[in-house]
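**Student:** Below: one structure in structure tokens.
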Amino acid sequence: MDNKYIYDSKTIEESKDISPEKVESIVKELNSVKKSMNHEKYLKLVLDEAKKLRVKGMLNFFYDILLDLDSRVLKGVNPHDIYALKNTIGTMFYYQSSYDLALKYYMEGLDYISIHDGIKRGSIYNNLGEIYREIKEYEHALLYYSWAKELFQEEGMEFHYSVVSMNMALILIKEEKYDGALEYVENTLEILDKGNYNVNYGDALSVKGRVYFKMGRVFEAKKIYEKAQTILEESENTYYLLKHLLNMGEMYSFEEKFSECLDVYERGLDIAKKLKNNRIASVIERRVSEVYEYMGDYKSALMHHKAFNDYKSRYLEQNLKSRIKGLNKEYEKNHSKIEFDSRDLENQLLKQKSLELKSMNVSLINEIAIRERSHVKLKETNERLMKISMLDELTQIPNRRSFVDKMLAIGKDRSIINIGLIMVDIDHFKKFNDFYGHNEGDQALVEVARVLNKVANRFNGFVARHGGEEFVLIFCNVNINSLSSILQGVKDEIIDLSIPHENGSVNGILTVSQGAFIAKNGMISVEEILEKADEALYTAKGNGRNNYVINNER
């Protein structure tokens with residue numbers, strides 16, 4: 001599972017020698033081999049290394065590498081690997097507290113998960129719950145956690161179920177419902193104690209200590225904290241250890257044990273610097289400043305307050321650069337790059353606040369359902385949202401996720417001898433959008449989808465939007481002759497639409513190019529079938545467009 005909180009023993013062992021210096025060496029090595037490897041192999045290599053960094057809370061060291069991978073065209077790459085990439089980037093932004101960007105990537109990751117993959121879907125729901133918890137939308141956070149727990153329970157994933165329970169406990173702590181929080185944590189510890197989950201067990205113990213501290217049971221909290229620290233030190237998980245040190249510092253400050261408090265915060269600050277976590281560093285410096293102020297050492301308090309503002313500025317700058325980089329990648333073809341003034345970072349972020357929140361809601365496909373139907377049974381709501389998520393929002397035909405599920409279902413059907421796959425691409429669609437505008441472009445996509453859906457229904461096939469101006473059609477038990485007839489029919493019916501396209505390939509109207517491949521069922525993977533059809537599509541485009549090619553390679 002790709003949840004940011006769950007680590008297997010092999011990954012933990014491999015990550016033990018990871019240090020900032022080691023990571024810099026890894027980054028250089030990855031950059032040196034990038035051009036010599038194909039996208040799929042390079043992506044797998046990066047994801048393997050990212051797992052080790054995630055254990056250490058050091059994903060931001062891979063910032064440029066991950067975003068560069070995301071910006072590439074990853075045709076033919078296994079959807080599970082693309083999901084892992086999206087989820088990893090989402091986790092990276094979560095650690096940076098860039099919650100809107102984390103939300104964006106987690107939601108994009110859902111597009112590459114089968115509707116039947118309860119474990120990965122539960123992982124995403126848990127991560128979404130984390131985001132809502134951080135922005136104090138506790139009702140929504142609990143709803144997502146409930147969905148995640150339900151999926152994990154159905155899959156028999158007791159350990160994953162326990163992790164979500166602990167996350168729910170953190171909300172109850174915020175709401176000062178300590179008895180309920182303690183019950184959740186105890187349940188988590190009981191499950192974790194059954195397996196070799198030292199990292200998670202140490203973190204859960206730290207949370208238990210925090211519950212006891214909040215309940216006023218300071219002596220018991222201290223004993224639990226000491227045990228948690230021993231476990232986390234042994235596991236060498238610096239991210240969880242950093243969280244734990246913040247809890248310890250809070251307790252020592254309450255007890256007015258300022259020397260111990262400052263020692264804990266000093267160690268935490270050292271870890272935060274190594275992890276390049278400017279947000280946590282700013283939190284620690286602010287707390288240290290408050291401790292010195294309480295002690296009457298105003299000179300030291302002022303010095304650390306300045307350090308707090310310095311780290312805060314770096315954190316804000318990092319967040320703003322992330323947003324600007326994402327926007328520039330999306331719009332650089334049609335717009336000039338966005339400029340920013342580092343002297344005005346905080347002010348710019350405040351101005352963007354309402355827009356960012358709006359963007360979060362737009363990105364979250366099922367937000368309306370959460371707000372308006374939270375009283376509906378969770379399972380019924382979840383099933384309805386699943387169905388919605390299988391359709392392309394614009395064309396209302398199945399989306400890429402539906403296509404993958406359909407191909408997997410066909411592969412299991414012994415009565416289906418072969419599969420005919422057609423890839424359809426609208427000719428010169430970028431030129432169409434540039435000339436007529438995106439509204440007309442969207443309407444053209446809808447009209448093409450309507451025709452393809454009609455053809456699919458006529459021949460008992462299946463159609464899906466594969467992305468952008470590209471569609472896929474599936475037909476079972478077909479031969480070259482019948483598939484050729486379908487291809488010609490698509491070509492003719494698209495021409496009959498008579499959609500004006502001054503930059504088109506035939507008489508100033510919109511046309512399509514098609515590539516097809518027939519495969520024996522169960523003989524090759526979905527990715528290989530797509531690759532063969534894509535090769536045929538490429539040939540069709542090279543032959544002048546507005547035509548079709550069937551790839552006869554076996």
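Residues in the structure tokens are named by chain (A, B, ... in the order shown) and by number from 1 within that chain; ligands are numbered from 1 in the order shown.
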Neighbours of region 505-517 of chain A within 6 Å (only C-alpha atoms; same-chain residues fewer than 6 positions away dropped), as a list in words?
**Tutor:**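 In the requested format, the answer is Gly420, Leu421, Ile422, Met423, Val424, Asp425, Ile426, Asp427, Ile495, Ser498, Ile499, Ala533, Ala536, Leu537, Arg545, Asn546, Asn547, Tyr548, Val549, Ile550 and Asn551 of chain A.
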**Student:** Can I get the selected residues back with N, CA and C atoms, as a JSON list (two decimals), in the first residue's frame?
**Tutor:**
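So the final result, stored in out_34.json, reads:
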[["chain", "number", "residue", "atom", "x", "y", "z"],
["A", 420, "GLY", "N", -10.49, -6.36, -30.06],
["A", 420, "GLY", "CA", -10.11, -5.34, -31.03],
["A", 420, "GLY", "C", -10.12, -3.98, -30.36],
["A", 421, "LEU", "N", -8.98, -3.32, -30.33],
["A", 421, "LEU", "CA", -8.87, -2.01, -29.68],
["A", 421, "LEU", "C", -8.59, -0.94, -30.73],
["A", 422, "ILE", "N", -9.36, 0.14, -30.69],
["A", 422, "ILE", "CA", -9.18, 1.27, -31.60],
["A", 422, "ILE", "C", -8.85, 2.51, -30.78],
["A", 423, "MET", "N", -7.80, 3.20, -31.15],
["A", 423, "MET", "CA", -7.48, 4.50, -30.56],
["A", 423, "MET", "C", -7.85, 5.57, -31.57],
["A", 424, "VAL", "N", -8.62, 6.55, -31.11],
["A", 424, "VAL", "CA", -9.11, 7.62, -31.98],
["A", 424, "VAL", "C", -8.54, 8.95, -31.49],
["A", 425, "ASP", "N", -7.99, 9.73, -32.42],
["A", 425, "ASP", "CA", -7.39, 11.02, -32.06],
["A", 425, "ASP", "C", -7.91, 12.10, -33.01],
["A", 426, "ILE", "N", -8.44, 13.19, -32.48],
["A", 426, "ILE", "CA", -8.94, 14.28, -33.32],
["A", 426, "ILE", "C", -7.77, 14.98, -33.99],
["A", 427, "ASP", "N", -7.84, 15.13, -35.29],
["A", 427, "ASP", "CA", -6.74, 15.72, -36.05],
["A", 427, "ASP", "C", -6.57, 17.21, -35.76],
["A", 495, "ILE", "N", -16.83, 12.80, -40.32],
["A", 495, "ILE", "CA", -16.88, 13.75, -41.44],
["A", 495, "ILE", "C", -18.29, 14.29, -41.62],
["A", 498, "SER", "N", -19.60, 17.50, -40.03],
["A", 498, "SER", "CA", -19.31, 18.78, -40.72],
["A", 498, "SER", "C", -18.96, 19.89, -39.74],
["A", 499, "ILE", "N", -18.14, 19.55, -38.74],
["A", 499, "ILE", "CA", -17.68, 20.56, -37.79],
["A", 499, "ILE", "C", -16.58, 21.38, -38.47],
["A", 533, "ALA", "N", -1.80, -0.40, -30.57],
["A", 533, "ALA", "CA", -2.79, 0.47, -31.21],
["A", 533, "ALA", "C", -2.23, 1.88, -31.39],
["A", 536, "ALA", "N", -0.08, 2.09, -34.42],
["A", 536, "ALA", "CA", -0.89, 2.19, -35.64],
["A", 536, "ALA", "C", -1.43, 3.61, -35.80],
["A", 537, "LEU", "N", -1.84, 4.22, -34.69],
["A", 537, "LEU", "CA", -2.34, 5.59, -34.73],
["A", 537, "LEU", "C", -1.25, 6.55, -35.20],
["A", 545, "ARG", "N", -3.20, 11.81, -41.84],
["A", 545, "ARG", "CA", -4.39, 11.94, -40.99],
["A", 545, "ARG", "C", -5.69, 11.64, -41.76],
["A", 546, "ASN", "N", -6.81, 11.69, -41.03],
["A", 546, "ASN", "CA", -8.13, 11.37, -41.59],
["A", 546, "ASN", "C", -8.10, 9.98, -42.22],
["A", 547, "ASN", "N", -7.43, 9.03, -41.58],
["A", 547, "ASN", "CA", -7.43, 7.67, -42.06],
["A", 547, "ASN", "C", -7.21, 6.72, -40.89],
["A", 548, "TYR", "N", -7.12, 5.45, -41.19],
["A", 548, "TYR", "CA", -6.91, 4.48, -40.11],
["A", 548, "TYR", "C", -5.91, 3.42, -40.55],
["A", 549, "VAL", "N", -5.25, 2.83, -39.55],
["A", 549, "VAL", "CA", -4.27, 1.77, -39.79],
["A", 549, "VAL", "C", -4.51, 0.68, -38.75],
["A", 550, "ILE", "N", -4.48, -0.57, -39.22],
["A", 550, "ILE", "CA", -4.57, -1.71, -38.31],
["A", 550, "ILE", "C", -3.19, -2.32, -38.16],
["A", 551, "ASN", "N", -2.70, -2.39, -36.95],
["A", 551, "ASN", "CA", -1.39, -2.98, -36.67],
["A", 551, "ASN", "C", -1.53, -4.50, -36.70]]
**Student:** Fewer than 4 positions away in the same chain doesn't count, so skip those; otherwise give me all residues within 7 Å of region 110-113 of chain A, counting only C-alpha atoms, as a short mmCIF file (atom, residue, chain, number, x, y, z; two decimals) with N, CA and C atoms, in the first residue's frame.
**Tutor:**
data_model
loop_
_atom_site.label_atom_id
_atom_site.label_comp_id
_atom_site.auth_asym_id
_atom_site.auth_seq_id
_atom_site.Cartn_x
_atom_site.Cartn_y
_atom_site.Cartn_z
N PRO A 79 -0.86 1.94 -15.06
CA PRO A 79 -1.66 2.90 -14.27
C PRO A 79 -1.33 2.88 -12.78
N HIS A 80 -0.94 1.71 -12.26
CA HIS A 80 -0.60 1.62 -10.83
C HIS A 80 0.65 2.43 -10.51
N ILE A 82 1.56 5.16 -12.23
CA ILE A 82 1.16 6.57 -12.30
C ILE A 82 0.43 6.95 -11.01
N TYR A 83 -0.42 6.05 -10.53
CA TYR A 83 -1.10 6.29 -9.25
C TYR A 83 -0.07 6.51 -8.14
N TYR A 106 -3.69 13.84 -4.93
CA TYR A 106 -4.39 12.67 -4.43
C TYR A 106 -5.62 12.37 -5.28
N ASP A 117 -10.24 -1.76 -6.32
CA ASP A 117 -9.02 -1.76 -5.51
C ASP A 117 -9.28 -1.02 -4.20
N ARG A 401 -10.29 5.30 -16.28
CA ARG A 401 -10.38 4.29 -15.23
C ARG A 401 -11.38 3.21 -15.59
#
**Student:** Residues near Tyr99 (chain A), anyone? I mean within 9 Å using only C-alpha atoms, not counting same-chain ones fewer than 4 positions away, as a VMD selection string.
**Tutor:** chain A and resid 90 93 to 95 103 to 104 131 to 132 134 to 135 360
**Student:** With C-alpha atoms retained, could you export that selection as a compact mmCIF listing (two decimals), in the first residue's frame?
**Tutor:**
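Generated file (selection.txt):
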# COMPACT_ATOMS: atom_id res chain seq x y z
CA GLY A 90 0.57 14.44 -2.91
CA PHE A 93 3.10 18.49 -0.67
CA TYR A 94 1.28 17.27 2.46
CA TYR A 95 4.58 17.24 4.34
CA LEU A 103 -5.40 17.41 -2.54
CA LYS A 104 -4.99 17.95 -6.29
CA ILE A 131 -5.88 17.15 4.69
CA TYR A 132 -9.30 18.06 6.03
CA GLU A 134 -5.17 19.83 9.06
CA ILE A 135 -7.48 22.60 7.80
CA MET A 360 -9.70 22.76 -3.52
**Student:** Using only C-alpha atoms, which residue out of A:Tyr63, A:Tyr161, A:Tyr201, A:Tyr42 lies closest to Asp81 (chain A)?
**Tutor:**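 Once distances to Asp81 (chain A) are computed over only C-alpha atoms, the minimum belongs to A:Tyr42.
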**Student:** Identify, with DSSP run on backbone atoms, the residues in region 101-221 of chain A assigned to helix (DSSP H, G or I), and express the list as number ranges by chain.
**Tutor:** A: 101-110, 118-134, 138-155, 158-174, 178-192, 198-214, 218-221
**Student:** Find the residues around Lys312 (chain A) up to 7 Å (only C-alpha atoms counted), leave out those fewer than 6 positions away in its own chain, and share them as a list in words.
**Tutor:**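 Returned residues: Asn278, Arg279 and Ser282 of chain A.
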**Student:** Print the selection's residues with C-alpha atoms to a file, as a PDB file, in the first residue's frame.
**Tutor:**
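Result file is again-v1.pdb:
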ATOM      1  CA  ASN A 278      10.847  25.097   7.070  1.00  0.00           C
ATOM      2  CA  ARG A 279       7.301  24.982   8.448  1.00  0.00           C
ATOM      3  CA  SER A 282       9.314  27.986  12.152  1.00  0.00           C
TER       4      SER A 282
END
**Student:** Just give me the gap between CA of Phe258 (chain A) and CA of Val291 (chain A) in Å, one decimal is fine.
**Tutor:**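 Separation of CA of Phe258 (chain A) and CA of Val291 (chain A): 7.0 Å.
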**Student:** Pick out the residues sitting within 8 Å of region 436-446 of chain A, and hand them over as an NGL selection string; count only C-alpha atoms, and ignore anything fewer than 4 positions along from it in its own chain.
**Tutor:** :A and (394-395 or 429 or 432 or 450 or 469 or 499)
**Student:** Of the candidates A:Arg465, A:His304, A:Lys257, A:Lys532, which one gets nearest to Leu269 (chain A) if we count only C-alpha atoms?
**Tutor:**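 So, comparing all the options, the nearest one is A:His304.
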**Student:** Where does DSSP see strand (DSSP E) in region 412-529 of chain A, if you list the residues as an NGL selection string?
**Tutor:** :A and (418-426 or 462-467 or 470-476 or 512-520)
**Student:** Write a file of the just-selected residues containing C-alpha atoms, as a PDB file, in the first residue's frame.
**Tutor:**
ATOM      1  CA  ASN A 418      -9.911 -11.800 -29.040  1.00  0.00           C
ATOM      2  CA  ILE A 419     -10.070  -8.065 -28.416  1.00  0.00           C
ATOM      3  CA  GLY A 420     -10.115  -5.341 -31.033  1.00  0.00           C
ATOM      4  CA  LEU A 421      -8.865  -2.011 -29.684  1.00  0.00           C
ATOM      5  CA  ILE A 422      -9.185   1.273 -31.596  1.00  0.00           C
ATOM      6  CA  MET A 423      -7.478   4.497 -30.555  1.00  0.00           C
ATOM      7  CA  VAL A 424      -9.108   7.622 -31.984  1.00  0.00           C
ATOM      8  CA  ASP A 425      -7.394  11.020 -32.060  1.00  0.00           C
ATOM      9  CA  ILE A 426      -8.945  14.278 -33.317  1.00  0.00           C
ATOM     10  CA  PHE A 462     -17.301  -0.028 -25.393  1.00  0.00           C
ATOM     11  CA  VAL A 463     -16.013   3.554 -25.678  1.00  0.00           C
ATOM     12  CA  ALA A 464     -14.040   5.709 -23.228  1.00  0.00           C
ATOM     13  CA  ARG A 465     -12.261   9.029 -23.250  1.00  0.00           C
ATOM     14  CA  HIS A 466      -8.604   8.179 -22.772  1.00  0.00           C
ATOM     15  CA  GLY A 467      -7.448  11.747 -22.208  1.00  0.00           C
ATOM     16  CA  GLU A 470      -7.998  10.827 -27.500  1.00  0.00           C
ATOM     17  CA  PHE A 471     -10.647   8.092 -27.249  1.00  0.00           C
ATOM     18  CA  VAL A 472     -10.550   4.289 -27.143  1.00  0.00           C
ATOM     19  CA  LEU A 473     -13.046   1.729 -28.467  1.00  0.00           C
ATOM     20  CA  ILE A 474     -13.159  -1.958 -27.521  1.00  0.00           C
ATOM     21  CA  PHE A 475     -14.841  -4.710 -29.563  1.00  0.00           C
ATOM     22  CA  CYS A 476     -14.787  -8.399 -28.669  1.00  0.00           C
ATOM     23  CA  VAL A 512     -10.008  11.901 -36.840  1.00  0.00           C
ATOM     24  CA  SER A 513      -7.107   9.480 -37.196  1.00  0.00           C
ATOM     25  CA  GLN A 514      -7.423   5.913 -35.918  1.00  0.00           C
ATOM     26  CA  GLY A 515      -5.045   3.125 -34.956  1.00  0.00           C
ATOM     27  CA  ALA A 516      -6.245  -0.410 -34.238  1.00  0.00           C
ATOM     28  CA  PHE A 517      -4.915  -3.717 -32.996  1.00  0.00           C
ATOM     29  CA  ILE A 518      -6.459  -7.175 -32.535  1.00  0.00           C
ATOM     30  CA  ALA A 519      -5.084  -9.291 -29.697  1.00  0.00           C
ATOM     31  CA  LYS A 520      -5.833 -12.786 -28.485  1.00  0.00           C
TER      32      LYS A 520
END
**Student:** Neighbours of Glu137 (chain A) within 12 Å (only C-alpha atoms; same-chain residues fewer than 4 positions away dropped), as number ranges by chain?
**Tutor:** A: 128-133, 141-144, 171, 174-175, 370-371
**Student:** Give me a file of those residues, with C-alpha atoms, as a short mmCIF file (atom, residue, chain, number, x, y, z; two decimals), in the first residue's frame.
**Tutor:**
data_model
loop_
_atom_site.label_atom_id
_atom_site.label_comp_id
_atom_site.auth_asym_id
_atom_site.auth_seq_id
_atom_site.Cartn_x
_atom_site.Cartn_y
_atom_site.Cartn_z
CA LEU A 128 -7.88 13.18 2.08
CA GLY A 129 -9.08 12.88 5.66
CA GLU A 130 -5.64 14.01 6.79
CA ILE A 131 -5.88 17.15 4.69
CA TYR A 132 -9.30 18.06 6.03
CA ARG A 133 -8.07 17.41 9.55
CA ALA A 141 -12.19 14.44 7.73
CA LEU A 142 -14.18 11.96 9.80
CA LEU A 143 -16.35 11.11 6.79
CA TYR A 144 -13.31 10.24 4.68
CA ILE A 171 -9.38 14.78 15.70
CA LYS A 174 -8.45 18.59 18.91
CA GLU A 175 -12.08 18.51 20.01
CA ILE A 370 -20.18 15.45 1.15
CA ARG A 371 -21.69 18.83 1.98
#
